[in-house]
Amino acid sequence: MRPDRTLRVKIIDACGLSCTFCHNEGTPVTADNLGKSAGEFTGTAGRAGRVSIYLSTNGASFLPARVEPDADFALALAAVRGSLDTSEVHFTGGEPTLHPRLPELVAMGCRLGLTVGLTSNGENGAAVLADCAAAGLDRINLSVFGSTPDELAAVQAPRIGSAKLAERKLAALHATMETALSHGVKVSANIVVPDHAHVSRVVKTIEEYGRDVVVRMLVSLADGGVSLSATQEILDRLDAVPVRHILTAGGSDQRTQYRLPDGRLLYAKSIRPVRLPETCADCRFNNDRDCQEGYYGLRLYRAQGGPFMVGVCIQRMDLCVPLGNFVMSRLCHEVQALRDAEHARLTALHAAHGVR
């Protein structure tokens, strides 16, 4: 059992891939929505070929701006840490390795005493990760979509359908992985499992990458039970044996660690039905069918031409509030209370069964 003390920060919206299941941290794809106002944003694929799967219903009211390693960001991190137990900052996007000042952002987080990680598809990691490692980067979660150009194209919009382009993307991923490992950065490979049609692709990917890094299978938020069923088919095919179950107290993340016949470890990550007791109580998505992520944790954004914004749900971006309002709000206290209550409840529950 691990307490949730992580802040996710969307530092950039740009991305060179176009995954068909992307939630883009709940925000519009900036390149396709410039000049539009709230209510006009679209989450369907435009020129960029990218999607934001919840945008048609999540009430997003701002376009995300690039976060810079300046005094404003330092103050924003300090404000969150001062109002909630926070020990880690995790950079997301878009694609974080495309941020031209990523090492400076890493260094800023480390100077504030935070562990720094990031989630990446690896398209520019070879160019920046050595400097990020020197700045203190602890870990990188690499999103892996296949081991061949055809497998990558299977979960991308048509613009990645070119074999040469997909091949370049895979080469960049491999280079990123090698750079991270050679500079002492912890590496995991995250593989989304949309449905049973992707089982063979995921099995091949596990076989290719699982010998060098920790592999984690992720449930596709848009595919729910079908995704879970496909994940179980993969585990059965690999003769995977469960070893331990890991819960995040105060967030919906849960994962099970499996051991493969050759001794390698594999993780299956899914969503636990966690809700903020007040904020989620009367939400229209609050049922076992429509709430796909539950309360996953705290997210920080920078609104274009505006303040830093804090969000608690990518399906309810209308709940985002300016950071200055959040730290003094009932919502902030509700998040901390949930973390504390879940930590106490799960500790007592599992201690009774001799689990830690």
# chains A, B, ... in the order shown; residues from 1 in each chain; ligands from 1
$ residues_around --residues "A:Val29" --least-positions-apart "5" --cutoff "8 Å" --atoms "only C-alpha atoms" --output "list of chain:residue names"
A:Asp13, A:Asn24, A:Gly43, A:Arg50, A:Val51, A:Ser52, A:Leu63
$ write_last_selection --atoms "N, CA and C atoms" --output "JSON list (two decimals), in the first residue's frame"
[["chain", "number", "residue", "atom", "x", "y", "z"],
["A", 13, "ASP", "N", 1.67, 20.49, -24.61],
["A", 13, "ASP", "CA", 0.59, 19.81, -25.31],
["A", 13, "ASP", "C", 1.06, 19.13, -26.60],
["A", 24, "ASN", "N", -5.35, 12.99, -23.43],
["A", 24, "ASN", "CA", -4.63, 14.27, -23.45],
["A", 24, "ASN", "C", -4.78, 15.02, -22.13],
["A", 43, "GLY", "N", -12.71, 17.50, -29.60],
["A", 43, "GLY", "CA", -11.75, 16.47, -29.22],
["A", 43, "GLY", "C", -11.51, 15.46, -30.32],
["A", 50, "ARG", "N", -4.79, 14.08, -33.77],
["A", 50, "ARG", "CA", -4.86, 13.65, -32.37],
["A", 50, "ARG", "C", -6.27, 13.79, -31.83],
["A", 51, "VAL", "N", -6.55, 13.03, -30.75],
["A", 51, "VAL", "CA", -7.87, 13.10, -30.13],
["A", 51, "VAL", "C", -7.72, 13.41, -28.64],
["A", 52, "SER", "N", -8.83, 13.83, -28.06],
["A", 52, "SER", "CA", -8.96, 13.98, -26.60],
["A", 52, "SER", "C", -10.31, 13.37, -26.28],
["A", 63, "LEU", "N", -7.43, 26.23, -23.05],
["A", 63, "LEU", "CA", -6.38, 25.54, -23.79],
["A", 63, "LEU", "C", -5.13, 25.49, -22.92]]
$ select_by_dssp --residues "stretch 21-243 of chain A" --states "alpha helix (DSSP H)" --output "PyMOL selection string"
chain A and resi 30-33+71-83+102-111+125-135+149-153+163-182+199-209+224-237
$ atom_distance --atom1 "atom CA of A:Glu40" --atom2 "atom CA of A:Gly59"
10.4 Å
$ residues_around --residues "stretch 316-323 of chain A" --least-positions-apart "6" --cutoff "6 Å" --atoms "only C-alpha atoms" --output "number ranges by chain"
A: 58-60, 308-310
$ write_last_selection --atoms "C-alpha atoms" --output "CSV table (one decimal), in the first residue's frame"
chain,number,residue,atom,x,y,z
A,58,ASN,CA,-15.9,17.1,-19.9
A,59,GLY,CA,-16.6,20.8,-20.0
A,60,ALA,CA,-12.9,21.9,-20.5
A,308,PHE,CA,-2.2,27.7,-13.2
A,309,MET,CA,-5.3,25.4,-12.9
A,310,VAL,CA,-5.8,22.4,-10.6
$ select_by_dssp --residues "stretch 56-110 of chain A" --states "strand (DSSP E or B)" --output "ChimeraX atom specification"
/A:64,88-92
$ write_last_selection --atoms "N, CA and C atoms" --output "compact mmCIF listing (two decimals), in the first residue's frame"
# COMPACT_ATOMS: atom_id res chain seq x y z
N PRO A 64 -4.41 24.37 -22.93
CA PRO A 64 -3.21 24.27 -22.09
C PRO A 64 -2.03 25.02 -22.70
N GLU A 88 6.27 13.92 -4.84
CA GLU A 88 6.70 13.64 -6.21
C GLU A 88 5.94 14.51 -7.19
N VAL A 89 6.63 14.97 -8.22
CA VAL A 89 5.99 15.64 -9.35
C VAL A 89 6.24 14.80 -10.59
N HIS A 90 5.18 14.58 -11.35
CA HIS A 90 5.28 13.72 -12.52
C HIS A 90 4.85 14.51 -13.75
N PHE A 91 5.76 14.70 -14.70
CA PHE A 91 5.51 15.51 -15.87
C PHE A 91 4.82 14.69 -16.97
N THR A 92 3.77 15.26 -17.54
CA THR A 92 3.04 14.62 -18.62
C THR A 92 2.87 15.61 -19.76
